[in-house]
Amino acid sequence: MTSRALRVRAPRRRSRPWPETWVAVAFIAPAALVILLVVVVPLARAAWMSVFDISLVRPGDEPFVGLRNYLEQLTSGDFWGATGRALWFTVVSTALELSLGLGLALLMDQPLRFRWVLRTLVILPWALPTIVNALMWRWIDNAEYGALNALLTQLGLMDQYKVWLSDSDIAMWMVILADVWKMTPFVAILLLAALQSVDRELIEVAKVDGASSFRAFRHILAPLIAPVILIVLVLRTMEAFKVFDIIWIMTGGGPANATQTIAIYAYQTAYQGYDFGRGAALGYLIALIIMVLAAIYLRLLGRTGKT
Amino acid sequence: MRELLKMRRAGGALLVGALVAGLVLTGCSSTASPAPAASQAPITLHALFMKQAAYSDADVKAMTDAFTAANPNITVVPEYVAYEALHDKIVTAQIGGSGFYDVVLMDTPWPAEFVKAGLVTDITDKIPADFKTGVFDSAWTAASYQGKYYGVPWINDTKFFFFNKKMLTDAGITAAPKTWDDVVTAAKAIKAKGLVQYPLVGSWKQAEAVICDWTQLAAVFGGSDFFDAQGNANFDEGGGLGALKFMKQLLDDGLMNPASLGFGEDDVNNTMAAGQAAMALNWTYGYSVMNDPAKSKVAGQIDVVASPGEGSVATSGVNGGMSLAITATSKNPDAALKYALWLASQKSQEMDTANAFPMWKASFESADVTKANPAFFAAAKVQFAGLVARPVVPYYTKLSNALQVAIQTALQGKATPEQALADVAAKLPDLQK
Amino acid sequence: MAASSRAAYRPGPSVRLRRLLRAAFLYGGMLIALVVILAPFAWLLISSVAAPVDLLGRPLQWIPAHVGFGRFLDLTVGSSPDDTALGFRAALVNSSVIASTVTAIAMVVGTLAAYAFARLRFPGRSWLILAFMATYMLPPIALILPLFQIMNALGLRDTPLALIIIYSSFVTPYVIWIMRGYIETISPELDDAARVDGCSRLGALVRVIVPVAMPGLVSTALLSFLLAWDEFLYALIITQSNASKTLPIAINDFIGRHGVDFGLLATGGVIAALPPVIIAFVFQRYIVAGLTAGSVKG
């Protein structure tokens, strides 16, 4: 806004400047090309595929079925089961990551000696590639030779080895554990930055006035870092709902579909059931759910004053 | 003796020389076409195998090297994946008409599906007659669909019963178990003596592996015909149900290692080899792993017999055969077929009988071949005579996946065997779409 | 840091005790955090050099009796009958090429667009940015089927180019998001000064903004590289052979092929983890700055 006031009409070497819109188009066009081409065309094609019954086991026989694929999924127990599992994974892992991440951030914010050690090493879990993380935890959770079993029995907390990843009740928790281990540092780093941008004087003043650390946190820090917490919430929710990689490597969706989230379900439908029509419809439904979640969050963000 | 060897070597050299000469001559004589070197143009074949059970990658390399030595214009690029990845790899590689592989390993239940999807070619007319008569019938299941052949049979395998002789003797069992009741008795005795915590181990993870075990058990617990004559589901009653109940009972009684629910065939071998189990079912290749002094703590203690029976059924074996299919997208189908036939030839198969039995009837009659392990060969002959097949339907993958989930659910105690199997039966119309 | 005006004040015993407990609590917490952060990966490292007999022993020995680096050699310079090592090395190369190329493309294209979004006013601006962000949020599963068919039809199946194209489509919005945040923190007066001197918008961008935002650019480039390096699902569908296989896919195959060779699996994991981990440690400040710029400021 101030730029207009400052601008001086000096003699220009170039011809008349382009209208702002044209410049914008020129600047954005390459990105639009790169992004939209790869997205719009396949999206359109997926929409087309989703209204036919395409099964690779019957090439050439692809009748038009309208919205049948969608309705079938929306009324299928398997679909809602997978969606429910994705939501469960999302809620639990995000909640754990936020709370543990906040704790870790507060810890790293304290004036402790050797704090630099923690701050330097904390990025390690996040830096590990997702696949390596999954592989590592799969090895740790191994039923016969895993470190987790060994540790718990040697500490006396368990007297028999457990089949962590082959037990329908426990498997999802192990996957959540692996995800939380990897992503908590990410959350902690973001929250630490937010904490550090808060004016320390406010805390000092509150403490001089007799507030305990806890009250200082609750009434001063928390509201100030709330926007960041919200953003982290959005980011993690989006990522967690479409989770595929870590589950695929650790359990493949099993045992007995206990870790079959919606993305795994869609993949299995398309590539193991050869149901490209249904698979395309599923893809759209998943995208729709994520868009809805995103829209909800954006409104929340808008209300806190951030865009 | 040395003279004899020299003579044999000379004879061998002569044979090879004649072979090469013959090849060169035939290659030269194909001048009928205007492009004389057409058959000598360099060809690259891509072949997809599994790295698990049966022939090891070292075995395949040996066979392939012999092939390329005899066919210098052909290069073979083999690829190995885990069995569990094999099916999906074939499908994703071959659909869309752009196919990558020339030869793929095809498992027994897949021909229906692959033929319907147009992934493999009909080679009924191209297979030599001696193949059709010389190979065990059971080996052809993996290569045929509706009377036509789409692959060259290559692996003929079934699950045998391996047991630790020493552990059984220490528990007072002197005779090899003949029925599953015997197995339970032996297991209880071993557990009572404290020789090992879980006497039994199985490849019961949520994968095709558990379907194999389940089918083999079903055959003795009431029959492994999973569909009746009208095409209705049968597996939720009779043999299928009986087998699943038996499997659950073994877990409940603490005789079967609960970790089996996450185990594949390699894990079973490892557990037996580490002396942490006394008895297990596994494919032929288990024998060499369990008795390998370099890898096994119990080398020399492992014996093998035909799979136990029950009631009036003496033994059972699931057909674990696999064939080499020629893909529909192969640009060199003739060369591919040549390679497949080479791998399947009696000569190739007799190179290493430790990991897989030859599928040639003649091999079993040859003392030279069977002397490697006469008892094992004898057991194999008995079992190969009556292998049971898993359902050969185009929707097998979907069916198998549903059954795997049901079996896991039942074995974990989350549903009764009756309920779990009935659920799959109810889903059948959906699966068949 | 803390106000030291209390120097003359001597705390009583109960306050001292509370401070001691607090310190114990905090330092204890730090210790626990460090252990939890390091232990799993440390175990992976140990597993990669431990002999099989140590790995499969019961009870488990935490410090292996026999240590050997043979597996690392096997995977990096050795060869095996089934060419596992070859595939691994090919995947390393592919991942590096693809991640670098995608980063280059996304940085150029994305920064241009980010500048436009940050500085220019034009109709449909907020809708367009929403659309771009939406594509970043799209789950790959929605697009893989048609993308697979399109790549097949174009003959790009199993090529690094296919992955470069696909990855650019979601790394670019990521770059836009972060760089827009960065550019918005740079005073527009800088641009205007340049334009007053006769620069075009593009000139202002290149000559003024880029140098000033260099740390931000470095951060974003690093984050983009890591993002592309980590991708799995698209690669799973598109890649077929060593021609285009990326490292995550090589690990996936690895698990399938050597499922029971835990030591080898651990070795593969360690090798695959080294590039991103090294990058993360060496450039940690940039990476943290980049992450926070996208979230805290943006």
# chains A, B, ... in the order shown; residues from 1 in each chain; ligands from 1
call {"tool": "residues_around", "arguments": {"residues": "C:Pro146", "least_positions_apart": "6", "cutoff": "8 Å", "atoms": "only C-alpha atoms", "output": "compact mmCIF listing (two decimals) with C-alpha atoms, in the first residue's frame"}}
result
# COMPACT_ATOMS: atom_id res chain seq x y z
CA PRO A 42 -5.89 -37.27 -14.76
CA LEU A 43 -8.67 -35.94 -12.56
CA ARG A 45 -9.95 -39.07 -16.75
CA ALA A 46 -10.54 -40.52 -13.31
call {"tool": "interface_residues", "arguments": {"of": "chain B", "to": "chain A", "cutoff": "7 Å", "atoms": "only C-alpha atoms", "output": "NGL selection string"}}
result
:B and (88 or 113 or 116-117 or 206 or 259 or 261-262 or 398 or 405 or 408-409)
call {"tool": "write_last_selection", "arguments": {"atoms": "N, CA and C atoms", "output": "mmCIF file, in the first residue's frame"}}
result
data_model
loop_
_atom_site.group_PDB
_atom_site.id
_atom_site.type_symbol
_atom_site.label_atom_id
_atom_site.label_comp_id
_atom_site.auth_asym_id
_atom_site.auth_seq_id
_atom_site.Cartn_x
_atom_site.Cartn_y
_atom_site.Cartn_z
ATOM 1 N N ASP B 88 0.952 -59.207 -8.249
ATOM 2 C CA ASP B 88 0.706 -57.799 -8.550
ATOM 3 C C ASP B 88 1.707 -57.272 -9.552
ATOM 4 N N GLU B 113 -7.400 -66.367 -14.304
ATOM 5 C CA GLU B 113 -7.383 -64.909 -14.247
ATOM 6 C C GLU B 113 -6.553 -64.312 -15.371
ATOM 7 N N LYS B 116 -8.177 -64.766 -18.837
ATOM 8 C CA LYS B 116 -9.316 -63.862 -19.012
ATOM 9 C C LYS B 116 -8.845 -62.432 -19.246
ATOM 10 N N ALA B 117 -7.747 -62.066 -18.593
ATOM 11 C CA ALA B 117 -7.270 -60.688 -18.736
ATOM 12 C C ALA B 117 -6.373 -60.539 -19.958
ATOM 13 N N GLN B 206 -1.062 -63.540 6.781
ATOM 14 C CA GLN B 206 -2.167 -63.183 5.901
ATOM 15 C C GLN B 206 -1.638 -63.053 4.475
ATOM 16 N N ALA B 259 3.298 -66.800 16.842
ATOM 17 C CA ALA B 259 3.956 -65.931 15.872
ATOM 18 C C ALA B 259 3.725 -66.418 14.449
ATOM 19 N N LEU B 261 1.192 -66.543 12.914
ATOM 20 C CA LEU B 261 0.224 -65.684 12.237
ATOM 21 C C LEU B 261 0.906 -64.583 11.436
ATOM 22 N N GLY B 262 2.213 -64.424 11.642
ATOM 23 C CA GLY B 262 2.942 -63.430 10.875
ATOM 24 C C GLY B 262 4.064 -64.050 10.062
ATOM 25 N N LYS B 398 -9.287 -62.215 -5.534
ATOM 26 C CA LYS B 398 -10.238 -61.616 -4.596
ATOM 27 C C LYS B 398 -10.714 -62.645 -3.585
ATOM 28 N N VAL B 405 -8.303 -63.035 5.066
ATOM 29 C CA VAL B 405 -8.802 -62.189 6.149
ATOM 30 C C VAL B 405 -9.645 -63.024 7.106
ATOM 31 N N GLN B 408 -7.447 -65.343 9.225
ATOM 32 C CA GLN B 408 -6.744 -64.573 10.260
ATOM 33 C C GLN B 408 -7.692 -64.190 11.385
ATOM 34 N N THR B 409 -8.870 -63.722 10.999
ATOM 35 C CA THR B 409 -9.844 -63.311 12.007
ATOM 36 C C THR B 409 -10.190 -64.476 12.917
#
call {"tool": "residues_around", "arguments": {"residues": "A:Ala24", "least_positions_apart": "3", "cutoff": "7 Å", "atoms": "only C-alpha atoms", "output": "PyMOL selection string"}}
result
(chain A and resi 20-21+27-28) or (chain C and resi 116+120)
call {"tool": "write_last_selection", "arguments": {"atoms": "C-alpha atoms", "output": "PDB file, in the first residue's frame"}}
result
ATOM      1  CA  GLU A  20      -0.368  -6.175 -13.392  1.00  0.00           C
ATOM      2  CA  THR A  21      -2.672  -8.995 -14.401  1.00  0.00           C
ATOM      3  CA  PHE A  27       4.703 -15.424 -13.728  1.00  0.00           C
ATOM      4  CA  ILE A  28       2.127 -17.991 -12.769  1.00  0.00           C
TER       5      ILE A  28
ATOM      6  CA  ALA C 116       3.256 -13.071  -8.219  1.00  0.00           C
ATOM      7  CA  LEU C 120       0.719  -8.666  -7.464  1.00  0.00           C
TER       8      LEU C 120
END
call {"tool": "closest_residue", "arguments": {"among": "A:Leu96, A:Ala127, A:Val39, A:Ile289", "to": "A:Phe186", "atoms": "only C-alpha atoms"}}
result
A:Ala127
call {"tool": "closest_atom_pairs", "arguments": {"of": "chain C", "to": "chain B", "cutoff": "9 Å", "atoms": "only C-alpha atoms", "output": "JSON lines"}}
result
{"residue": "C:Leu56", "atom": "CA", "partner": "B:Ala274", "partner_atom": "CA", "distance": 8.6}
{"residue": "C:Pro81", "atom": "CA", "partner": "B:Ala58", "partner_atom": "CA", "distance": 6.3}
{"residue": "C:Asp82", "atom": "CA", "partner": "B:Asp57", "partner_atom": "CA", "distance": 6.3}
{"residue": "C:Asp83", "atom": "CA", "partner": "B:Glu79", "partner_atom": "CA", "distance": 8.5}
{"residue": "C:Gln149", "atom": "CA", "partner": "B:Gly96", "partner_atom": "CA", "distance": 7.2}
{"residue": "C:Asn152", "atom": "CA", "partner": "B:Gly96", "partner_atom": "CA", "distance": 6.8}
{"residue": "C:Ala153", "atom": "CA", "partner": "B:Gly96", "partner_atom": "CA", "distance": 8.0}
{"residue": "C:Gly155", "atom": "CA", "partner": "B:Ser98", "partner_atom": "CA", "distance": 8.2}
{"residue": "C:Arg157", "atom": "CA", "partner": "B:Ser98", "partner_atom": "CA", "distance": 8.8}
{"residue": "C:Ile237", "atom": "CA", "partner": "B:Thr92", "partner_atom": "CA", "distance": 7.5}
{"residue": "C:Gln240", "atom": "CA", "partner": "B:Ala93", "partner_atom": "CA", "distance": 7.0}
{"residue": "C:Ser241", "atom": "CA", "partner": "B:Glu79", "partner_atom": "CA", "distance": 8.8}
{"residue": "C:Asp253", "atom": "CA", "partner": "B:Val81", "partner_atom": "CA", "distance": 6.9}
{"residue": "C:Phe254", "atom": "CA", "partner": "B:Val81", "partner_atom": "CA", "distance": 8.8}
{"residue": "C:Ile255", "atom": "CA", "partner": "B:Ala82", "partner_atom": "CA", "distance": 8.6}
{"residue": "C:Gly256", "atom": "CA", "partner": "B:Ala82", "partner_atom": "CA", "distance": 4.9}
{"residue": "C:Arg257", "atom": "CA", "partner": "B:Ala82", "partner_atom": "CA", "distance": 5.0}
{"residue": "C:His258", "atom": "CA", "partner": "B:Ala82", "partner_atom": "CA", "distance": 8.3}
{"residue": "C:Gly259", "atom": "CA", "partner": "B:Asp266", "partner_atom": "CA", "distance": 8.2}
{"residue": "C:Val260", "atom": "CA", "partner": "B:Asp267", "partner_atom": "CA", "distance": 6.6}
call {"tool": "write_last_selection", "arguments": {"atoms": "C-alpha atoms", "output": "short mmCIF file (atom, residue, chain, number, x, y, z; two decimals), in the first residue's frame"}}
result
data_model
loop_
_atom_site.label_atom_id
_atom_site.label_comp_id
_atom_site.auth_asym_id
_atom_site.auth_seq_id
_atom_site.Cartn_x
_atom_site.Cartn_y
_atom_site.Cartn_z
CA LEU C 56 18.49 -64.19 16.12
CA PRO C 81 23.21 -63.48 -7.98
CA ASP C 82 19.97 -61.61 -8.03
CA ASP C 83 21.58 -58.21 -8.49
CA GLN C 149 -2.69 -45.17 -17.92
CA ASN C 152 1.60 -46.04 -20.26
CA ALA C 153 0.06 -44.52 -23.33
CA GLY C 155 5.41 -44.74 -23.35
CA ARG C 157 6.09 -46.05 -18.01
CA ILE C 237 2.99 -47.77 -9.66
CA GLN C 240 9.15 -51.25 -13.06
CA SER C 241 12.84 -51.95 -13.37
CA ASP C 253 11.59 -54.84 -2.90
CA PHE C 254 14.35 -55.49 -0.46
CA ILE C 255 11.89 -56.31 2.27
CA GLY C 256 10.14 -58.70 -0.03
CA ARG C 257 13.25 -60.44 -1.25
CA HIS C 258 15.23 -60.59 1.96
CA GLY C 259 12.38 -60.57 4.43
CA VAL C 260 14.12 -62.85 6.85
#
call {"tool": "closest_residue", "arguments": {"among": "A:Leu148, A:Leu74, A:Val205, A:Leu124", "to": "A:Pro185", "atoms": "only C-alpha atoms"}}
result
A:Leu124
call {"tool": "closest_residue", "arguments": {"among": "B:Leu105, B:Ala420, B:Ala344, B:Ala229", "to": "B:Val135", "atoms": "only C-alpha atoms"}}
result
B:Ala344
call {"tool": "select_by_dssp", "arguments": {"residues": "stretch 47-211 of chain B", "states": "helix (DSSP H, G or I)", "output": "PyMOL selection string"}}
result
chain B and resi 57-70+83-97+111-116+124-126+129-134+137-143+165-170+180-192+208-211
call {"tool": "closest_residue", "arguments": {"among": "A:Leu293, A:Leu177, A:Val65, A:Ile140", "to": "C:Ala42", "atoms": "only C-alpha atoms"}}
result
A:Ile140
call {"tool": "residues_around", "arguments": {"residues": "C:Tyr286", "least_positions_apart": "3", "cutoff": "6 Å", "atoms": "only C-alpha atoms", "output": "MDAnalysis selection string"}}
result
chainID C and resid 219 283 289
call {"tool": "closest_residue", "arguments": {"among": "B:Asn291, B:Ser323, B:Ser138, B:Thr44", "to": "B:Leu341", "atoms": "only C-alpha atoms"}}
result
B:Ser323
call {"tool": "closest_residue", "arguments": {"among": "C:Val93, C:Met30, C:Ala243, C:Val175", "to": "chain A", "atoms": "only C-alpha atoms"}}
result
C:Met30
call {"tool": "residues_around", "arguments": {"residues": "B:Ile123", "least_positions_apart": "3", "cutoff": "7 Å", "atoms": "only C-alpha atoms", "output": "PyMOL selection string"}}
result
chain B and resi 126-127+149-151
call {"tool": "write_last_selection", "arguments": {"atoms": "C-alpha atoms", "output": "CSV table (one decimal), in the first residue's frame"}}
result
chain,number,residue,atom,x,y,z
B,126,LYS,CA,4.0,-75.5,-29.5
B,127,ILE,CA,4.8,-77.8,-26.6
B,149,TYR,CA,-1.9,-74.7,-22.2
B,150,TYR,CA,-0.6,-71.2,-21.4
B,151,GLY,CA,2.7,-72.0,-19.8
call {"tool": "residues_around", "arguments": {"residues": "A:Met174", "least_positions_apart": "6", "cutoff": "10 Å", "atoms": "only C-alpha atoms", "output": "PDB file with N, CA and C atoms, in the first residue's frame"}}
result
ATOM      1  N   TRP A 137      10.754 -49.882  12.307  1.00  0.00           N
ATOM      2  CA  TRP A 137       9.782 -50.277  13.316  1.00  0.00           C
ATOM      3  C   TRP A 137       9.274 -51.683  13.084  1.00  0.00           C
ATOM      4  N   ARG A 138       9.182 -52.094  11.841  1.00  0.00           N
ATOM      5  CA  ARG A 138       8.772 -53.461  11.564  1.00  0.00           C
ATOM      6  C   ARG A 138       9.762 -54.438  12.176  1.00  0.00           C
ATOM      7  N   ASP A 141       9.438 -54.365  15.980  1.00  0.00           N
ATOM      8  CA  ASP A 141       8.224 -55.023  16.463  1.00  0.00           C
ATOM      9  C   ASP A 141       8.164 -56.496  16.103  1.00  0.00           C
ATOM     10  N   TRP A 164       3.177 -58.340  17.934  1.00  0.00           N
ATOM     11  CA  TRP A 164       2.660 -56.986  17.835  1.00  0.00           C
ATOM     12  C   TRP A 164       1.941 -56.713  16.531  1.00  0.00           C
ATOM     13  N   LEU A 165       2.572 -57.076  15.422  1.00  0.00           N
ATOM     14  CA  LEU A 165       1.994 -56.685  14.141  1.00  0.00           C
ATOM     15  C   LEU A 165       1.025 -57.715  13.582  1.00  0.00           C
ATOM     16  N   VAL A 180       4.079 -41.512  15.159  1.00  0.00           N
ATOM     17  CA  VAL A 180       4.280 -40.498  16.197  1.00  0.00           C
ATOM     18  C   VAL A 180       5.770 -40.273  16.440  1.00  0.00           C
ATOM     19  N   ILE A 247       1.954 -47.718   6.506  1.00  0.00           N
ATOM     20  CA  ILE A 247       1.136 -48.895   6.778  1.00  0.00           C
ATOM     21  C   ILE A 247       1.462 -49.993   5.780  1.00  0.00           C
ATOM     22  N   MET A 250       4.658 -51.657   6.940  1.00  0.00           N
ATOM     23  CA  MET A 250       4.637 -52.338   8.242  1.00  0.00           C
ATOM     24  C   MET A 250       3.681 -53.516   8.270  1.00  0.00           C
ATOM     25  N   THR A 251       2.492 -53.347   7.717  1.00  0.00           N
ATOM     26  CA  THR A 251       1.524 -54.429   7.855  1.00  0.00           C
ATOM     27  C   THR A 251       0.801 -54.780   6.571  1.00  0.00           C
ATOM     28  N   THR A 259      -5.397 -52.675   9.877  1.00  0.00           N
ATOM     29  CA  THR A 259      -4.758 -51.389   9.606  1.00  0.00           C
ATOM     30  C   THR A 259      -5.093 -50.917   8.197  1.00  0.00           C
TER      31      THR A 259
END
call {"tool": "residues_around", "arguments": {"residues": "stretch 379-384 of chain B", "least_positions_apart": "6", "cutoff": "10 Å", "atoms": "only C-alpha atoms", "output": "list in words"}}
result
Phe136, Asp137, Ser138, Ala139, Asn156, Asp157, Thr158, Lys159, Phe160, Phe161, Thr284, Val304, Val305, Ala306, Ser307, Ala314, Thr315, Ser316, Gly317, Val318, Asn319, Phe357, Met359, Lys361, Phe364 and Glu365 of chain B
call {"tool": "write_last_selection", "arguments": {"atoms": "C-alpha atoms", "output": "PDB file, in the first residue's frame"}}
result
ATOM      1  CA  PHE B 136       3.505 -85.430 -13.919  1.00  0.00           C
ATOM      2  CA  ASP B 137      -0.117 -84.500 -14.523  1.00  0.00           C
ATOM      3  CA  SER B 138      -0.210 -82.420 -11.371  1.00  0.00           C
ATOM      4  CA  ALA B 139       2.434 -80.122 -12.843  1.00  0.00           C
ATOM      5  CA  ASN B 156       5.963 -79.278  -9.127  1.00  0.00           C
ATOM      6  CA  ASP B 157       5.822 -78.776  -5.421  1.00  0.00           C
ATOM      7  CA  THR B 158       3.766 -79.560  -2.396  1.00  0.00           C
ATOM      8  CA  LYS B 159       4.086 -79.209   1.326  1.00  0.00           C
ATOM      9  CA  PHE B 160       5.838 -82.011   3.100  1.00  0.00           C
ATOM     10  CA  PHE B 161       5.971 -82.743   6.770  1.00  0.00           C
ATOM     11  CA  THR B 284      10.586 -79.053  -0.741  1.00  0.00           C
ATOM     12  CA  VAL B 304      10.778 -85.512   6.125  1.00  0.00           C
ATOM     13  CA  VAL B 305       7.764 -87.645   5.321  1.00  0.00           C
ATOM     14  CA  ALA B 306       4.586 -87.269   3.353  1.00  0.00           C
ATOM     15  CA  SER B 307       2.032 -84.937   4.887  1.00  0.00           C
ATOM     16  CA  ALA B 314      -3.828 -91.282   3.985  1.00  0.00           C
ATOM     17  CA  THR B 315      -2.098 -88.118   2.935  1.00  0.00           C
ATOM     18  CA  SER B 316      -2.718 -84.854   1.193  1.00  0.00           C
ATOM     19  CA  GLY B 317      -0.713 -82.297  -0.626  1.00  0.00           C
ATOM     20  CA  VAL B 318      -1.634 -78.910  -1.947  1.00  0.00           C
ATOM     21  CA  ASN B 319      -0.635 -78.337  -5.534  1.00  0.00           C
ATOM     22  CA  PHE B 357      11.800 -82.053  -7.333  1.00  0.00           C
ATOM     23  CA  MET B 359       8.504 -82.885 -12.558  1.00  0.00           C
ATOM     24  CA  LYS B 361       8.319 -89.080 -14.168  1.00  0.00           C
ATOM     25  CA  PHE B 364      11.915 -90.564 -10.182  1.00  0.00           C
ATOM     26  CA  GLU B 365      12.841 -93.854 -11.804  1.00  0.00           C
TER      27      GLU B 365
END
